[in-house]
Amino acid sequence: MSERAVLVTGASRGIGRAIALAFAAAGDRVAIHHRGSPDLAERLRAELPGQGHAIVQADVADPADARRMVEETAAALGGIDVLVNNAGIFLHHPIMETSYEEWQTVWRETLAVNLVGPANVIWNAVRHMTPGGRIVNVSSRGAFRGEPNSPAYGAGKAGLNALGQSLAIALAPLGIAVATVAPGFVETDMTNEHLKAPRGDEIRAQSPFGRVARPEEIAAAVLYLASPEAEWASGTIVDLNGASYLRS
Ligand code: NAD
């Protein structure tokens with residue numbers, strides 16, 4: 001893979017961190033986006049192989065912030081070849097245990113970060129892309145299988161899948177491919193609590209491998225979907241689940 005300019009949102013930890021490491025290992029220059037973790041972002045930049053990496057900050061739910069962050073990335077890296085929309089939140093809000101006020105707040109915040117945020121980052125980033133540009137959105141199993149205690153998360157990720165498919169059509173004439181990865185459970189800070197026993201044992205048992213994914217396994221798929229060879233993968237949603245949910 002030739003040296004490209006790659007923006008990874010939510011890159012200071014978890015899956016985003018693994019994605020940033022994978023692109024840098026492939027020889028690309030990475031903009032490490034974080035919301036409020038400058039120390040983690042600096043530490044990651046020091047770990048990344050290669051040179052020319054940047055750090056950018058923004059709340060992706062804020063349209064002006066998202067635009068500034070994209071402009072700063074393009075200035076720092078000399079353009080944007082690849083955008084990975086990875087930043088996301090997962091909020092617990094079971095319908096019968098959540099007040100109407102809290103319900104409003106969670107829906108607004110979740111859709112702002114997980115769906116409208118990526119849409120706004122994409123709107124700005126495509127204006128810096130040339131033919132061969134790639135966009136990869138990080139969705140979730142929750143988009144297909146329901147999230148009984150986090151319905152806004154499932155709905156937002158289903159929306160993100162649809163956004164990716166719509167823009168795959170709209171951006172193909174510009175030579176830009178748009179694809180989505182939809183992982184099941186991955187070992188990160190987001191899932192720490194869920195993966196403790198006994199719920200964690202149930203989750204691990206969903207896969208015949210008896211475990212959940214490692215962030216590096218998601219990063220490998222993102223790297224492929226962002227590769228020059230992946231134009232034909234545009235519009236796909238890669239369901240990365242370690243053969244979970246296949247048993248009858
Ligand atoms: P994480 O909580 O470790 O990382 C999420 C990142 O998003 C953090 O760096 C956080 O700062 C950033 N972020 C959150 N809100 C933001 C905002 N308003 N503006 C900017 N950045 C913001 O979680 P993770 O597990 O690494 O999740 C990464 C992505 O993968 C998310 O989109 C998540 O929904 C998705 N995902 C995770 C799992 C899993 O099991 N961990 C499964 C499927 C999909």
# chains A, B, ... in the order shown; residues from 1 in each chain; ligands from 1

$ residues_around --residues "A:Arg68" --least-positions-apart "5" --cutoff "12 Å" --atoms "only C-alpha atoms" --output "list in words"
His33, Val56, Gln57, Ala58, Asp59, Val60, Asp62, Pro63, Thr73, Ala74, Ala75, Asn120, Val121, Asn124 and Ala125 of chain A

$ residues_near_ligand --ligand "ligand 1" --cutoff "6 Å" --atoms "only C-alpha atoms and all ligand atoms" --output "JSON, numbers by chain"
{"A": [10, 11, 12, 13, 14, 15, 16, 34, 35, 58, 59, 60, 61, 86, 87, 88, 89, 113, 138, 139, 140, 183, 184, 185, 186, 187, 188, 189, 190, 191]}

$ write_last_selection --atoms "C-alpha atoms" --output "PDB file, in the first residue's frame"
ATOM      1  CA  GLY A  10     -11.881   7.977  18.003  1.00  0.00           C
ATOM      2  CA  ALA A  11      -8.327   6.732  17.559  1.00  0.00           C
ATOM      3  CA  SER A  12      -6.910   7.275  21.032  1.00  0.00           C
ATOM      4  CA  ARG A  13      -8.057   3.890  22.351  1.00  0.00           C
ATOM      5  CA  GLY A  14      -9.835   0.620  21.544  1.00  0.00           C
ATOM      6  CA  ILE A  15     -10.661  -0.329  17.966  1.00  0.00           C
ATOM      7  CA  GLY A  16      -9.651   3.089  16.606  1.00  0.00           C
ATOM      8  CA  HIS A  34      -9.565  12.201  19.833  1.00  0.00           C
ATOM      9  CA  ARG A  35     -12.316  13.996  21.706  1.00  0.00           C
ATOM     10  CA  ALA A  58     -13.088  17.405  17.958  1.00  0.00           C
ATOM     11  CA  ASP A  59     -16.474  16.488  19.328  1.00  0.00           C
ATOM     12  CA  VAL A  60     -17.817  14.791  16.196  1.00  0.00           C
ATOM     13  CA  ALA A  61     -21.374  15.525  17.345  1.00  0.00           C
ATOM     14  CA  ASN A  86     -14.859   4.837  14.187  1.00  0.00           C
ATOM     15  CA  ALA A  87     -15.824   7.164  17.075  1.00  0.00           C
ATOM     16  CA  GLY A  88     -18.977   6.030  18.812  1.00  0.00           C
ATOM     17  CA  ILE A  89     -20.877   5.757  22.099  1.00  0.00           C
ATOM     18  CA  VAL A 113     -22.329  10.927  17.687  1.00  0.00           C
ATOM     19  CA  VAL A 138     -17.499   1.178  11.926  1.00  0.00           C
ATOM     20  CA  SER A 139     -21.014  -0.104  12.576  1.00  0.00           C
ATOM     21  CA  SER A 140     -22.080  -2.995  14.867  1.00  0.00           C
ATOM     22  CA  PRO A 183     -18.325  -6.243  14.471  1.00  0.00           C
ATOM     23  CA  GLY A 184     -19.849  -8.297  17.249  1.00  0.00           C
ATOM     24  CA  PHE A 185     -18.349  -7.930  20.715  1.00  0.00           C
ATOM     25  CA  VAL A 186     -14.750  -6.673  20.782  1.00  0.00           C
ATOM     26  CA  GLU A 187     -12.501  -6.486  23.848  1.00  0.00           C
ATOM     27  CA  THR A 188     -12.315  -2.727  24.562  1.00  0.00           C
ATOM     28  CA  ASP A 189     -13.173  -0.208  27.285  1.00  0.00           C
ATOM     29  CA  MET A 190     -16.666   0.018  25.760  1.00  0.00           C
ATOM     30  CA  THR A 191     -17.386  -3.628  26.571  1.00  0.00           C
TER      31      THR A 191
END

$ closest_residue --among "A:Ala152, A:Ala172, A:Leu48, A:Ala41" --to "A:His93" --atoms "only C-alpha atoms"
A:Ala152

$ select_by_dssp --residues "stretch 2-200 of chain A" --states "strand (DSSP E)" --output "mmCIF file with N, CA and C atoms, in the first residue's frame"
data_model
loop_
_atom_site.group_PDB
_atom_site.id
_atom_site.type_symbol
_atom_site.label_atom_id
_atom_site.label_comp_id
_atom_site.auth_asym_id
_atom_site.auth_seq_id
_atom_site.Cartn_x
_atom_site.Cartn_y
_atom_site.Cartn_z
ATOM 1 N N ALA A 5 -2.886 9.437 3.216
ATOM 2 C CA ALA A 5 -3.287 10.271 4.350
ATOM 3 C C ALA A 5 -4.599 9.709 4.902
ATOM 4 N N VAL A 6 -4.568 9.280 6.157
ATOM 5 C CA VAL A 6 -5.694 8.542 6.733
ATOM 6 C C VAL A 6 -6.196 9.243 7.990
ATOM 7 N N LEU A 7 -7.481 9.551 8.029
ATOM 8 C CA LEU A 7 -8.094 10.121 9.245
ATOM 9 C C LEU A 7 -8.894 9.025 9.946
ATOM 10 N N VAL A 8 -8.532 8.757 11.201
ATOM 11 C CA VAL A 8 -9.260 7.760 12.001
ATOM 12 C C VAL A 8 -9.906 8.482 13.176
ATOM 13 N N ARG A 29 0.280 7.671 6.580
ATOM 14 C CA ARG A 29 0.341 8.748 7.571
ATOM 15 C C ARG A 29 -1.056 8.903 8.164
ATOM 16 N N VAL A 30 -1.115 8.943 9.490
ATOM 17 C CA VAL A 30 -2.402 8.880 10.170
ATOM 18 C C VAL A 30 -2.680 10.156 10.958
ATOM 19 N N ALA A 31 -3.912 10.664 10.846
ATOM 20 C CA ALA A 31 -4.388 11.705 11.756
ATOM 21 C C ALA A 31 -5.149 10.994 12.868
ATOM 22 N N ILE A 32 -4.590 11.086 14.057
ATOM 23 C CA ILE A 32 -5.197 10.453 15.243
ATOM 24 C C ILE A 32 -6.220 11.437 15.790
ATOM 25 N N HIS A 33 -7.499 11.125 15.619
ATOM 26 C CA HIS A 33 -8.518 12.020 16.178
ATOM 27 C C HIS A 33 -8.902 11.544 17.580
ATOM 28 N N HIS A 34 -9.054 12.515 18.494
ATOM 29 C CA HIS A 34 -9.565 12.201 19.833
ATOM 30 C C HIS A 34 -10.552 13.288 20.228
ATOM 31 N N ALA A 54 -0.375 12.994 12.561
ATOM 32 C CA ALA A 54 -0.912 14.206 13.178
ATOM 33 C C ALA A 54 -1.906 13.842 14.271
ATOM 34 N N ILE A 55 -2.197 14.814 15.113
ATOM 35 C CA ILE A 55 -3.229 14.636 16.142
ATOM 36 C C ILE A 55 -4.273 15.723 15.933
ATOM 37 N N VAL A 56 -5.541 15.346 15.893
ATOM 38 C CA VAL A 56 -6.614 16.336 15.755
ATOM 39 C C VAL A 56 -7.679 16.055 16.804
ATOM 40 N N GLN A 57 -8.340 17.129 17.229
ATOM 41 C CA GLN A 57 -9.322 16.998 18.313
ATOM 42 C C GLN A 57 -10.671 17.520 17.825
ATOM 43 N N VAL A 82 -8.132 8.502 2.971
ATOM 44 C CA VAL A 82 -8.962 7.500 3.649
ATOM 45 C C VAL A 82 -9.570 8.121 4.898
ATOM 46 N N LEU A 83 -10.872 7.902 5.072
ATOM 47 C CA LEU A 83 -11.552 8.310 6.308
ATOM 48 C C LEU A 83 -12.126 7.068 6.968
ATOM 49 N N VAL A 84 -11.804 6.872 8.241
ATOM 50 C CA VAL A 84 -12.428 5.791 9.008
ATOM 51 C C VAL A 84 -13.270 6.425 10.106
ATOM 52 N N ASN A 85 -14.587 6.286 9.996
ATOM 53 C CA ASN A 85 -15.511 6.797 11.013
ATOM 54 C C ASN A 85 -15.669 5.725 12.078
ATOM 55 N N ARG A 134 -11.249 6.470 -0.018
ATOM 56 C CA ARG A 134 -11.952 5.373 0.662
ATOM 57 C C ARG A 134 -12.578 5.883 1.963
ATOM 58 N N ILE A 135 -13.802 5.412 2.211
ATOM 59 C CA ILE A 135 -14.458 5.703 3.483
ATOM 60 C C ILE A 135 -14.886 4.366 4.091
ATOM 61 N N VAL A 136 -14.521 4.155 5.347
ATOM 62 C CA VAL A 136 -14.953 2.939 6.050
ATOM 63 C C VAL A 136 -15.654 3.371 7.336
ATOM 64 N N ASN A 137 -16.879 2.921 7.513
ATOM 65 C CA ASN A 137 -17.641 3.229 8.720
ATOM 66 C C ASN A 137 -17.647 2.014 9.646
ATOM 67 N N VAL A 138 -17.473 2.277 10.951
ATOM 68 C CA VAL A 138 -17.499 1.178 11.926
ATOM 69 C C VAL A 138 -18.906 1.120 12.529
ATOM 70 N N ALA A 177 -14.854 4.830 -2.795
ATOM 71 C CA ALA A 177 -15.584 3.650 -2.325
ATOM 72 C C ALA A 177 -15.941 3.825 -0.847
ATOM 73 N N VAL A 178 -17.131 3.329 -0.487
ATOM 74 C CA VAL A 178 -17.620 3.453 0.897
ATOM 75 C C VAL A 178 -18.034 2.075 1.382
ATOM 76 N N ALA A 179 -17.446 1.617 2.479
ATOM 77 C CA ALA A 179 -17.795 0.296 3.000
ATOM 78 C C ALA A 179 -17.950 0.360 4.519
ATOM 79 N N THR A 180 -18.497 -0.719 5.063
ATOM 80 C CA THR A 180 -18.846 -0.738 6.490
ATOM 81 C C THR A 180 -18.373 -2.042 7.122
ATOM 82 N N VAL A 181 -17.851 -1.964 8.346
ATOM 83 C CA VAL A 181 -17.618 -3.193 9.122
ATOM 84 C C VAL A 181 -18.595 -3.183 10.289
ATOM 85 N N ALA A 182 -19.166 -4.339 10.579
ATOM 86 C CA ALA A 182 -20.146 -4.446 11.658
ATOM 87 C C ALA A 182 -19.704 -5.547 12.619
ATOM 88 N N PRO A 183 -18.832 -5.205 13.575
ATOM 89 C CA PRO A 183 -18.325 -6.243 14.471
ATOM 90 C C PRO A 183 -19.345 -6.652 15.526
#

$ closest_residue --among "A:Ala219, A:Ala158, A:Ala168, A:Ala112" --to "A:Ala24" --atoms "only C-alpha atoms"
A:Ala219

$ closest_residue --among "A:Gly52, A:Gly27, A:Gly79, A:Gly235" --to "A:Ala162" --atoms "only C-alpha atoms"
A:Gly235

$ residues_around --residues "stretch 101-110 of chain A" --least-positions-apart "6" --cutoff "10 Å" --atoms "only C-alpha atoms" --output "mmCIF file with C-alpha atoms, in the first residue's frame"
data_model
loop_
_atom_site.group_PDB
_atom_site.id
_atom_site.type_symbol
_atom_site.label_atom_id
_atom_site.label_comp_id
_atom_site.auth_asym_id
_atom_site.auth_seq_id
_atom_site.Cartn_x
_atom_site.Cartn_y
_atom_site.Cartn_z
ATOM 1 C CA ALA A 61 -21.374 15.525 17.345
ATOM 2 C CA GLY A 88 -18.977 6.030 18.812
ATOM 3 C CA ILE A 89 -20.877 5.757 22.099
ATOM 4 C CA PHE A 90 -22.959 2.983 23.628
ATOM 5 C CA LEU A 91 -25.508 4.093 26.242
ATOM 6 C CA HIS A 92 -27.665 1.837 28.418
ATOM 7 C CA HIS A 93 -31.343 2.913 28.336
ATOM 8 C CA PRO A 94 -33.862 0.070 28.764
ATOM 9 C CA ILE A 95 -37.222 1.497 27.741
ATOM 10 C CA VAL A 116 -25.028 12.478 12.163
ATOM 11 C CA GLY A 117 -21.373 12.852 13.256
ATOM 12 C CA SER A 150 -29.657 0.245 23.926
ATOM 13 C CA PRO A 151 -32.181 0.731 21.122
ATOM 14 C CA ALA A 152 -30.738 4.100 20.065
ATOM 15 C CA TYR A 153 -27.382 2.397 19.477
ATOM 16 C CA GLY A 154 -28.937 -0.306 17.268
ATOM 17 C CA ALA A 155 -30.999 2.233 15.336
ATOM 18 C CA GLY A 156 -28.031 4.572 14.878
ATOM 19 C CA LYS A 157 -25.790 1.782 13.597
#

$ select_by_dssp --residues "stretch 2-245 of chain A" --states "alpha helix (DSSP H)" --output "PyMOL selection string"
chain A and resi 14-25+38-47+63-77+100-111+117-125+142-145+151-171+199-205+215-225

$ decode --residues "stretch 8-33 of chain A" --atoms "N, CA and C atoms" --output "CSV table (one decimal), in the first residue's frame"
chain,number,residue,atom,x,y,z
A,8,VAL,N,-8.5,8.8,11.2
A,8,VAL,CA,-9.3,7.8,12.0
A,8,VAL,C,-9.9,8.5,13.2
A,9,THR,N,-11.2,8.5,13.2
A,9,THR,CA,-11.9,9.1,14.4
A,9,THR,C,-11.9,8.2,15.6
A,10,GLY,N,-11.9,8.8,16.8
A,10,GLY,CA,-11.9,8.0,18.0
A,10,GLY,C,-10.7,7.0,18.1
A,11,ALA,N,-9.5,7.6,17.7
A,11,ALA,CA,-8.3,6.7,17.6
A,11,ALA,C,-7.5,6.6,18.8
A,12,SER,N,-7.8,7.3,19.9
A,12,SER,CA,-6.9,7.3,21.0
A,12,SER,C,-6.9,6.0,21.8
A,13,ARG,N,-8.0,5.2,21.6
A,13,ARG,CA,-8.1,3.9,22.4
A,13,ARG,C,-8.9,2.9,21.6
A,14,GLY,N,-8.9,1.6,22.1
A,14,GLY,CA,-9.8,0.6,21.5
A,14,GLY,C,-9.6,0.3,20.1
A,15,ILE,N,-10.7,0.1,19.4
A,15,ILE,CA,-10.7,-0.3,18.0
A,15,ILE,C,-10.0,0.7,17.1
A,16,GLY,N,-10.3,2.0,17.4
A,16,GLY,CA,-9.7,3.1,16.6
A,16,GLY,C,-8.1,3.1,16.7
A,17,ARG,N,-7.7,2.8,17.9
A,17,ARG,CA,-6.2,2.8,18.2
A,17,ARG,C,-5.6,1.6,17.3
A,18,ALA,N,-6.2,0.5,17.3
A,18,ALA,CA,-5.7,-0.6,16.5
A,18,ALA,C,-5.7,-0.3,15.0
A,19,ILE,N,-6.8,0.4,14.6
A,19,ILE,CA,-6.9,0.8,13.2
A,19,ILE,C,-5.7,1.8,12.8
A,20,ALA,N,-5.5,2.7,13.7
A,20,ALA,CA,-4.4,3.7,13.5
A,20,ALA,C,-3.0,3.0,13.4
A,21,LEU,N,-2.8,2.0,14.3
A,21,LEU,CA,-1.6,1.3,14.3
A,21,LEU,C,-1.4,0.5,13.0
A,22,ALA,N,-2.5,-0.1,12.5
A,22,ALA,CA,-2.5,-1.0,11.3
A,22,ALA,C,-2.1,-0.1,10.1
A,23,PHE,N,-2.8,1.0,10.0
A,23,PHE,CA,-2.5,1.9,8.8
A,23,PHE,C,-1.0,2.4,8.8
A,24,ALA,N,-0.5,2.8,10.0
A,24,ALA,CA,0.9,3.3,10.1
A,24,ALA,C,1.8,2.1,9.8
A,25,ALA,N,1.5,0.9,10.2
A,25,ALA,CA,2.4,-0.2,10.0
A,25,ALA,C,2.4,-0.5,8.5
A,26,ALA,N,1.3,-0.2,7.7
A,26,ALA,CA,1.3,-0.4,6.3
A,26,ALA,C,2.0,0.8,5.5
A,27,GLY,N,2.5,1.8,6.3
A,27,GLY,CA,3.3,2.9,5.6
A,27,GLY,C,2.5,4.1,5.4
A,28,ASP,N,1.3,4.2,6.0
A,28,ASP,CA,0.4,5.4,5.8
A,28,ASP,C,0.7,6.4,6.9
A,29,ARG,N,0.3,7.7,6.6
A,29,ARG,CA,0.3,8.7,7.6
A,29,ARG,C,-1.1,8.9,8.2
A,30,VAL,N,-1.1,8.9,9.5
A,30,VAL,CA,-2.4,8.9,10.2
A,30,VAL,C,-2.7,10.2,11.0
A,31,ALA,N,-3.9,10.7,10.8
A,31,ALA,CA,-4.4,11.7,11.8
A,31,ALA,C,-5.1,11.0,12.9
A,32,ILE,N,-4.6,11.1,14.1
A,32,ILE,CA,-5.2,10.5,15.2
A,32,ILE,C,-6.2,11.4,15.8
A,33,HIS,N,-7.5,11.1,15.6
A,33,HIS,CA,-8.5,12.0,16.2
A,33,HIS,C,-8.9,11.5,17.6
